[in-house]
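Structure first, then comments.
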Amino acid sequence: MSDLLYAPPPFDGSEGTRIIFVDFLSAHYDITFHTSTKTAAVRSEIVFRSEDTGWPAFELNIRPHKVSAHLNGEKVTCDSDWAPGTKAPLMVLKQEISPGLHRLTVRHQLEDVETKPHPIRWDEKSVGCIFHMSDIFEEEATNRFLGSYLPSNFEFDHFKISMHVEVFGGSREHTLISNTGKVSASSPDVWDFEYPAHFTTSFPWFHLLPAEPYKFLNGLYETEGGRQFPIYIYGEKGSFGDRLEDFFDGAKRSLKELEVRFGPFPYPAVTILTMPDGWGGMEHAGATATDFASIRHELDHCYFARCIAPASGSAGWIDEAIASWGDEGYSRSADEPKPALSGLAFDSPYARITKVAAYSSGREFLTFLDNRTTNEGGLEAFLRMYFERKRYQSISVNEFKAMLEGFFGNRLDAEFDKYVFGRGVYHEIVTEPISDEATLTTTTAKCPHRPFHSAEQLRQQLFPY
C-alpha cells in the first residue's frame, strides 16, 4: 500500500502554485559536530517519489534562507508556505516536479534550527544532542518530530533512515543512543547506523551525550514464551538515575501486562531515559523518556502510536485514548461521556498535533464503546485484532472507525460525529499556540503523562551536565 494514500490533498500555495506531498523512500543524514567551533553541519540525501505535479513539501524547522538544496543535481530554492487552516509553516521546494523518482540534497547547520528547547548543548570538552519530540500542542502550532531538526516527511510516511555521526575535537568520551540502546562506534566518536524502514518521522530516538554524567543499566526481559530481549535504561547520576533498578522492574511489569493483552512486544529492545517525577513521558518506537509513573503509558504507545502510527494529527487521539484507557485499568462504564467541545479530531487534514482532549474525553469515549460492545467481546478483543492487522502501518480516523464497525457489526456514525468530530457540539478549526496561563493549568490537569514544560525547563532536564 502506498503511503500517499494517507497523505493530505494538494493545496494552492501563497504564490498560487500547487503544493504537493510526496513519498520519501529513504533519507540519509550525515551529521558532523565540531566542539572547537560549536557548529554541527548536516548533509541530507533523500530519495522520494511523486505521483503528482507541483512544488513538493517537507518538514524542516529552520528559516529557508539558511538551507542549501539541490534537486536532481540542480540548485533549488526553499521557501515557507502554509497549508489551509494552519499556523505552522511547511518547507517547500520552489520547483515544479513531475511524477516519478527524485533525489534531494539538503545542507544546513543544526545550530540554526528554531526548535525549542534547542537540541544541542556545547562545552569545551564535549557536545550533547537530543532530538526531543512531542505531538502535543505546546509553544508551537505543530508537532516536534524529526522534521524539527532534520529534513523529514510528514507523519503519514514510512521510510528508511540511516545516519553517519561524527564528533571532532571533543576530549570526553561520547555515547550515542538510539531506539535499541547504545550504538556501536565504528571508530572513536564515529557512528553509522540505520532505523527500520517502517519508521515514520515520530519514531526515532537519537541522543548523543558525554557518558560521564550518566548511569547505565542493561537487563533482559523474558516473555512467558521464552523470548528474550534487552531493556536498556540510563539516567543522570545522583538523581533519578539512581532509580534504574526501579525503572527496570516497572518496565518488566508493564511489558508482561501488555503482552498478555495485545501480543508480543513489537520491538527487539526497550530503551528508557529516566526522568524526574512529574515529568510525564514521550513515546518513541521501543524507546521513551519517561518518569516512573508513566512507564506503562509510554510502553503502551509502542503498540499504539509507534507501531500502528497515526497518519496525521487528526488521528493522534486514537493512541492517546487507548493508552489513557489502559492507565485506568480498561474500565467499563455505561455512562454517556461528555463530548469534548471541539471533538477529538481536527477538521483540517493538514493538522500536525494531537488534541489534549484525547487523554480525558478520548478515554471516556473508549470506556463507553467498550460497554456498548460487551456481548461482542468488548474493546480489548478489537484492539488485539487491530494490532495484529495494522502493526507497522498507518491509521486514519475513518479507517479506525471502519475497522470498529466491521469488527462489531454496527454503524458508529452518530457516535463518531458527536464525540470524535464534535459535530453539533462546537466547531473549531485549529491551531493557536497555548499561551494563556489559566488555559495551560487547565490543560495540564487533563494531560497527566505530558505535562507542559517551558523550553528552559525541558533544556535543564534534557541536559543535566
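Residue numbering restarts at 1 for every chain of the C-alpha cells, chains are lettered A, B, ... in their displayed order, and ligands are numbered from 1 as they appear.
Running DSSP on the backbone gives alpha helix (DSSP H) for these residues within range 323-368 of chain A: Ala323, Ser324, Trp325, Gly326, Asp327, Ser361, Gly362, Arg363, Glu364, Phe365, Leu366, Thr367 and Phe368 of chain A.
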With only C-alpha atoms as the counted atoms, please give the residues lying no more than 10 Å from range 104-116 of chain A, apart from itself and same-chain residues fewer than 5 positions off, as JSON, numbers by chain. {"A": [27, 28, 29, 30, 31, 32, 33, 38, 39, 40, 41, 42, 43, 44, 45, 46, 47, 48, 60, 61, 62, 63, 64, 65, 66, 67, 68, 69, 70, 71, 72, 73, 74, 75, 76, 78, 93, 121, 129, 131, 132, 139, 140, 144, 147, 148, 149, 150, 151, 454, 455, 456, 458, 459]}
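The gap separating CA of Phe292 in chain A from CA of Asp246 in chain A is 8.0 Å, in Å to one decimal.
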Tell me which of A:Arg384, A:Lys215, A:Lys160, A:Lys338 sits closest to Arg243 in chain A, counting only C-alpha atoms. A:Lys215
From a backbone DSSP assignment, name each residue in range 146-390 of chain A labelled strand (DSSP E), as an MDAnalysis selection string. chainID A and resid 160:168 174:178 181:182 185:187 190:195 207:210 214:222 228:236 270:274 281:284 287:290 309:310
Contacts of Lys252 in chain A at 12 Å (only C-alpha atoms; same-chain gap of 5+ positions) as a PDB file with N, CA, C and O atoms, in the first residue's frame:
ATOM      1  N   GLY A 219      19.632  -4.889  31.082  1.00  0.00           N
ATOM      2  CA  GLY A 219      18.969  -6.062  31.623  1.00  0.00           C
ATOM      3  C   GLY A 219      18.243  -6.813  30.533  1.00  0.00           C
ATOM      4  O   GLY A 219      18.133  -6.345  29.390  1.00  0.00           O
ATOM      5  N   LEU A 220      17.742  -7.984  30.866  1.00  0.00           N
ATOM      6  CA  LEU A 220      16.999  -8.806  29.916  1.00  0.00           C
ATOM      7  C   LEU A 220      15.574  -9.004  30.399  1.00  0.00           C
ATOM      8  O   LEU A 220      15.325  -9.192  31.595  1.00  0.00           O
ATOM      9  N   TYR A 221      14.660  -8.959  29.466  1.00  0.00           N
ATOM     10  CA  TYR A 221      13.268  -9.297  29.749  1.00  0.00           C
ATOM     11  C   TYR A 221      12.955 -10.607  29.040  1.00  0.00           C
ATOM     12  O   TYR A 221      13.278 -10.772  27.849  1.00  0.00           O
ATOM     13  N   GLU A 222      12.337 -11.532  29.755  1.00  0.00           N
ATOM     14  CA  GLU A 222      11.958 -12.819  29.155  1.00  0.00           C
ATOM     15  C   GLU A 222      10.447 -12.956  29.171  1.00  0.00           C
ATOM     16  O   GLU A 222       9.809 -12.831  30.209  1.00  0.00           O
ATOM     17  N   THR A 223       9.872 -13.201  28.002  1.00  0.00           N
ATOM     18  CA  THR A 223       8.429 -13.374  27.892  1.00  0.00           C
ATOM     19  C   THR A 223       8.036 -14.751  28.396  1.00  0.00           C
ATOM     20  O   THR A 223       8.882 -15.630  28.607  1.00  0.00           O
ATOM     21  N   GLU A 224       6.742 -14.952  28.582  1.00  0.00           N
ATOM     22  CA  GLU A 224       6.259 -16.255  29.033  1.00  0.00           C
ATOM     23  C   GLU A 224       6.539 -17.341  27.999  1.00  0.00           C
ATOM     24  O   GLU A 224       6.636 -18.519  28.327  1.00  0.00           O
ATOM     25  N   GLN A 228      13.570 -13.566  24.657  1.00  0.00           N
ATOM     26  CA  GLN A 228      14.312 -12.598  25.445  1.00  0.00           C
ATOM     27  C   GLN A 228      14.689 -11.389  24.607  1.00  0.00           C
ATOM     28  O   GLN A 228      14.985 -11.519  23.412  1.00  0.00           O
ATOM     29  N   PHE A 229      14.650 -10.209  25.229  1.00  0.00           N
ATOM     30  CA  PHE A 229      15.194  -9.023  24.561  1.00  0.00           C
ATOM     31  C   PHE A 229      15.690  -8.044  25.618  1.00  0.00           C
ATOM     32  O   PHE A 229      15.250  -8.083  26.781  1.00  0.00           O
ATOM     33  N   PRO A 230      16.627  -7.176  25.244  1.00  0.00           N
ATOM     34  CA  PRO A 230      17.257  -6.293  26.231  1.00  0.00           C
ATOM     35  C   PRO A 230      16.391  -5.101  26.614  1.00  0.00           C
ATOM     36  O   PRO A 230      15.622  -4.584  25.808  1.00  0.00           O
ATOM     37  N   ILE A 231      16.518  -4.686  27.859  1.00  0.00           N
ATOM     38  CA  ILE A 231      15.984  -3.414  28.344  1.00  0.00           C
ATOM     39  C   ILE A 231      17.193  -2.562  28.724  1.00  0.00           C
ATOM     40  O   ILE A 231      18.023  -2.971  29.543  1.00  0.00           O
ATOM     41  N   TYR A 232      17.284  -1.413  28.112  1.00  0.00           N
ATOM     42  CA  TYR A 232      18.442  -0.534  28.302  1.00  0.00           C
ATOM     43  C   TYR A 232      17.946   0.743  28.966  1.00  0.00           C
ATOM     44  O   TYR A 232      17.100   1.445  28.417  1.00  0.00           O
ATOM     45  N   ILE A 233      18.453   1.037  30.177  1.00  0.00           N
ATOM     46  CA  ILE A 233      17.957   2.170  30.956  1.00  0.00           C
ATOM     47  C   ILE A 233      19.136   3.047  31.361  1.00  0.00           C
ATOM     48  O   ILE A 233      20.194   2.543  31.766  1.00  0.00           O
ATOM     49  N   GLU A 245      17.122   0.522  38.726  1.00  0.00           N
ATOM     50  CA  GLU A 245      16.544  -0.792  39.025  1.00  0.00           C
ATOM     51  C   GLU A 245      15.023  -0.688  39.156  1.00  0.00           C
ATOM     52  O   GLU A 245      14.289  -1.575  38.702  1.00  0.00           O
ATOM     53  N   ASP A 246      14.547   0.398  39.768  1.00  0.00           N
ATOM     54  CA  ASP A 246      13.098   0.580  39.879  1.00  0.00           C
ATOM     55  C   ASP A 246      12.461   0.697  38.503  1.00  0.00           C
ATOM     56  O   ASP A 246      11.397   0.106  38.234  1.00  0.00           O
ATOM     57  N   PHE A 247      13.083   1.469  37.623  1.00  0.00           N
ATOM     58  CA  PHE A 247      12.555   1.622  36.269  1.00  0.00           C
ATOM     59  C   PHE A 247      12.593   0.293  35.521  1.00  0.00           C
ATOM     60  O   PHE A 247      11.671  -0.032  34.763  1.00  0.00           O
ATOM     61  N   GLU A 257       2.167  -7.186  31.251  1.00  0.00           N
ATOM     62  CA  GLU A 257       0.741  -6.879  31.117  1.00  0.00           C
ATOM     63  C   GLU A 257       0.360  -6.630  29.660  1.00  0.00           C
ATOM     64  O   GLU A 257      -0.646  -7.150  29.159  1.00  0.00           O
ATOM     65  N   LEU A 258       1.160  -5.858  28.948  1.00  0.00           N
ATOM     66  CA  LEU A 258       0.841  -5.503  27.564  1.00  0.00           C
ATOM     67  C   LEU A 258       0.910  -6.719  26.648  1.00  0.00           C
ATOM     68  O   LEU A 258       0.088  -6.871  25.736  1.00  0.00           O
ATOM     69  N   GLU A 259       1.880  -7.590  26.883  1.00  0.00           N
ATOM     70  CA  GLU A 259       1.990  -8.786  26.037  1.00  0.00           C
ATOM     71  C   GLU A 259       0.814  -9.728  26.255  1.00  0.00           C
ATOM     72  O   GLU A 259       0.347 -10.356  25.301  1.00  0.00           O
ATOM     73  N   PHE A 265       5.615  -8.001  22.261  1.00  0.00           N
ATOM     74  CA  PHE A 265       6.120  -6.643  22.111  1.00  0.00           C
ATOM     75  C   PHE A 265       6.724  -6.496  20.717  1.00  0.00           C
ATOM     76  O   PHE A 265       7.494  -7.351  20.273  1.00  0.00           O
ATOM     77  N   ALA A 269      13.999  -4.408  21.451  1.00  0.00           N
ATOM     78  CA  ALA A 269      14.615  -3.880  22.660  1.00  0.00           C
ATOM     79  C   ALA A 269      13.746  -2.761  23.208  1.00  0.00           C
ATOM     80  O   ALA A 269      12.864  -2.237  22.519  1.00  0.00           O
ATOM     81  N   VAL A 270      14.010  -2.402  24.464  1.00  0.00           N
ATOM     82  CA  VAL A 270      13.386  -1.232  25.091  1.00  0.00           C
ATOM     83  C   VAL A 270      14.501  -0.321  25.589  1.00  0.00           C
ATOM     84  O   VAL A 270      15.436  -0.789  26.249  1.00  0.00           O
ATOM     85  N   ILE A 295       5.616   4.916  32.882  1.00  0.00           N
ATOM     86  CA  ILE A 295       6.249   3.828  32.120  1.00  0.00           C
ATOM     87  C   ILE A 295       5.207   3.016  31.350  1.00  0.00           C
ATOM     88  O   ILE A 295       5.363   2.750  30.156  1.00  0.00           O
ATOM     89  N   ARG A 296       4.146   2.573  32.045  1.00  0.00           N
ATOM     90  CA  ARG A 296       3.139   1.749  31.367  1.00  0.00           C
ATOM     91  C   ARG A 296       2.513   2.485  30.197  1.00  0.00           C
ATOM     92  O   ARG A 296       2.318   1.916  29.112  1.00  0.00           O
ATOM     93  N   LEU A 299       5.028   2.662  27.231  1.00  0.00           N
ATOM     94  CA  LEU A 299       5.240   1.365  26.572  1.00  0.00           C
ATOM     95  C   LEU A 299       3.979   0.909  25.840  1.00  0.00           C
ATOM     96  O   LEU A 299       4.070   0.195  24.832  1.00  0.00           O
TER      97      LEU A 299
END
Got a sec: who's within 12 Å of Arg18 in chain A, counting only C-alpha atoms, leaving out chain neighbours fewer than 2 positions off, as a ChimeraX atom specification? /A:9-16,20-21,52-57,81-83,92-98
Okay, now the selection with N, CA, C and O atoms, as a tab-separated table (two decimals), in the first residue's frame?
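Output contents, as saved in part29.tsv:
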chain	number	residue	atom	x	y	z
A	9	PRO	N	-4.36	16.22	0.90
A	9	PRO	CA	-4.52	16.62	-0.50
A	9	PRO	C	-3.62	17.79	-0.86
A	9	PRO	O	-3.22	18.57	0.02
A	10	PRO	N	-3.27	17.96	-2.14
A	10	PRO	CA	-2.53	19.15	-2.56
A	10	PRO	C	-3.33	20.41	-2.25
A	10	PRO	O	-4.55	20.37	-2.06
A	11	PHE	N	-2.64	21.54	-2.17
A	11	PHE	CA	-3.34	22.80	-1.94
A	11	PHE	C	-2.65	23.91	-2.73
A	11	PHE	O	-1.49	23.75	-3.16
A	12	ASP	N	-3.34	25.00	-2.93
A	12	ASP	CA	-2.77	26.15	-3.63
A	12	ASP	C	-1.98	26.99	-2.64
A	12	ASP	O	-2.50	27.47	-1.63
A	13	GLY	N	-0.69	27.16	-2.92
A	13	GLY	CA	0.19	27.90	-2.04
A	13	GLY	C	0.01	29.39	-2.15
A	13	GLY	O	-0.80	29.90	-2.94
A	14	SER	N	0.78	30.13	-1.35
A	14	SER	CA	0.64	31.58	-1.29
A	14	SER	C	1.01	32.27	-2.59
A	14	SER	O	0.57	33.39	-2.85
A	15	GLU	N	1.81	31.63	-3.42
A	15	GLU	CA	2.18	32.21	-4.71
A	15	GLU	C	1.31	31.67	-5.84
A	15	GLU	O	1.63	31.85	-7.02
A	16	GLY	N	0.21	30.99	-5.47
A	16	GLY	CA	-0.69	30.47	-6.48
A	16	GLY	C	-0.23	29.17	-7.10
A	16	GLY	O	-0.81	28.69	-8.08
A	20	ILE	N	2.35	19.98	-3.25
A	20	ILE	CA	2.03	18.56	-3.21
A	20	ILE	C	2.83	17.85	-2.13
A	20	ILE	O	3.86	18.33	-1.66
A	21	PHE	N	2.33	16.69	-1.72
A	21	PHE	CA	3.01	15.84	-0.75
A	21	PHE	C	3.58	14.63	-1.48
A	21	PHE	O	2.97	14.11	-2.42
A	52	ASP	N	2.31	13.18	-8.43
A	52	ASP	CA	1.58	14.38	-8.82
A	52	ASP	C	2.57	15.40	-9.37
A	52	ASP	O	3.79	15.22	-9.31
A	53	THR	N	2.03	16.50	-9.88
A	53	THR	CA	2.83	17.60	-10.39
A	53	THR	C	2.64	18.81	-9.49
A	53	THR	O	1.51	19.16	-9.13
A	54	GLY	N	3.74	19.46	-9.09
A	54	GLY	CA	3.65	20.64	-8.24
A	54	GLY	C	4.94	20.87	-7.48
A	54	GLY	O	5.97	20.25	-7.76
A	55	TRP	N	4.89	21.79	-6.52
A	55	TRP	CA	6.03	22.05	-5.65
A	55	TRP	C	5.97	21.08	-4.46
A	55	TRP	O	4.97	21.06	-3.73
A	56	PRO	N	7.02	20.30	-4.22
A	56	PRO	CA	6.97	19.33	-3.12
A	56	PRO	C	7.18	19.98	-1.75
A	56	PRO	O	7.97	20.93	-1.61
A	57	ALA	N	6.48	19.48	-0.76
A	57	ALA	CA	6.57	19.98	0.62
A	57	ALA	C	7.24	18.95	1.51
A	57	ALA	O	7.13	17.74	1.28
A	81	ASP	N	5.64	27.89	3.33
A	81	ASP	CA	4.25	28.10	2.94
A	81	ASP	C	3.37	27.50	4.02
A	81	ASP	O	3.85	26.80	4.92
A	82	TRP	N	2.08	27.79	3.94
A	82	TRP	CA	1.15	27.39	4.99
A	82	TRP	C	-0.04	26.65	4.39
A	82	TRP	O	-0.68	27.13	3.45
A	83	ALA	N	-0.32	25.47	4.91
A	83	ALA	CA	-1.49	24.72	4.47
A	83	ALA	C	-2.75	25.41	5.00
A	83	ALA	O	-2.70	26.11	6.02
A	92	VAL	N	8.93	24.18	1.38
A	92	VAL	CA	8.62	23.76	0.02
A	92	VAL	C	9.81	24.03	-0.88
A	92	VAL	O	10.61	24.94	-0.64
A	93	LEU	N	9.94	23.23	-1.91
A	93	LEU	CA	10.93	23.45	-2.97
A	93	LEU	C	10.26	24.23	-4.09
A	93	LEU	O	9.23	23.80	-4.62
A	94	LYS	N	10.84	25.36	-4.45
A	94	LYS	CA	10.22	26.23	-5.45
A	94	LYS	C	10.59	25.77	-6.86
A	94	LYS	O	11.20	26.49	-7.64
A	95	GLN	N	10.21	24.55	-7.14
A	95	GLN	CA	10.42	23.99	-8.48
A	95	GLN	C	9.36	22.93	-8.73
A	95	GLN	O	9.16	22.03	-7.91
A	96	GLU	N	8.67	23.05	-9.83
A	96	GLU	CA	7.65	22.08	-10.17
A	96	GLU	C	8.28	20.76	-10.56
A	96	GLU	O	9.22	20.73	-11.36
A	97	ILE	N	7.77	19.69	-9.99
A	97	ILE	CA	8.26	18.37	-10.34
A	97	ILE	C	7.14	17.57	-11.00
A	97	ILE	O	5.95	17.89	-10.84
A	98	SER	N	7.52	16.54	-11.70
A	98	SER	CA	6.58	15.64	-12.36
A	98	SER	C	6.54	14.31	-11.60
A	98	SER	O	7.43	14.02	-10.78
Fewer than 2 positions away in the same chain doesn't count, so skip those; otherwise give me all residues within 7 Å of Ala345 in chain A, counting only C-alpha atoms, as a VMD selection string. chain A and resid 314 to 315 317 343 347 420 to 421
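Considering the residues A:Ser312, A:Ser396, A:Ser294, A:Ser178 and counting only C-alpha atoms, Thr354 in chain A has its shortest atom-to-atom contact with A:Ser312.
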Kindly provide the residues of range 333-427 of chain A that approach range 2-7 of chain A to within 10 Å, each paired with its closest atom pair and their distance in Å to one decimal, based on only C-alpha atoms, listed by chain and increasing number, as a tab-separated table.
residue	atom	partner	partner_atom	distance
A:Pro349	CA	A:Ala7	CA	8.6
A:Tyr350	CA	A:Ala7	CA	9.0
A:Gln393	CA	A:Asp3	CA	9.1
A:Ser394	CA	A:Tyr6	CA	7.7
A:Ile395	CA	A:Tyr6	CA	8.1
A:Ser396	CA	A:Tyr6	CA	7.3
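CA of Gly225 in chain A lies 21.2 Å from CA of Glu380 in chain A.
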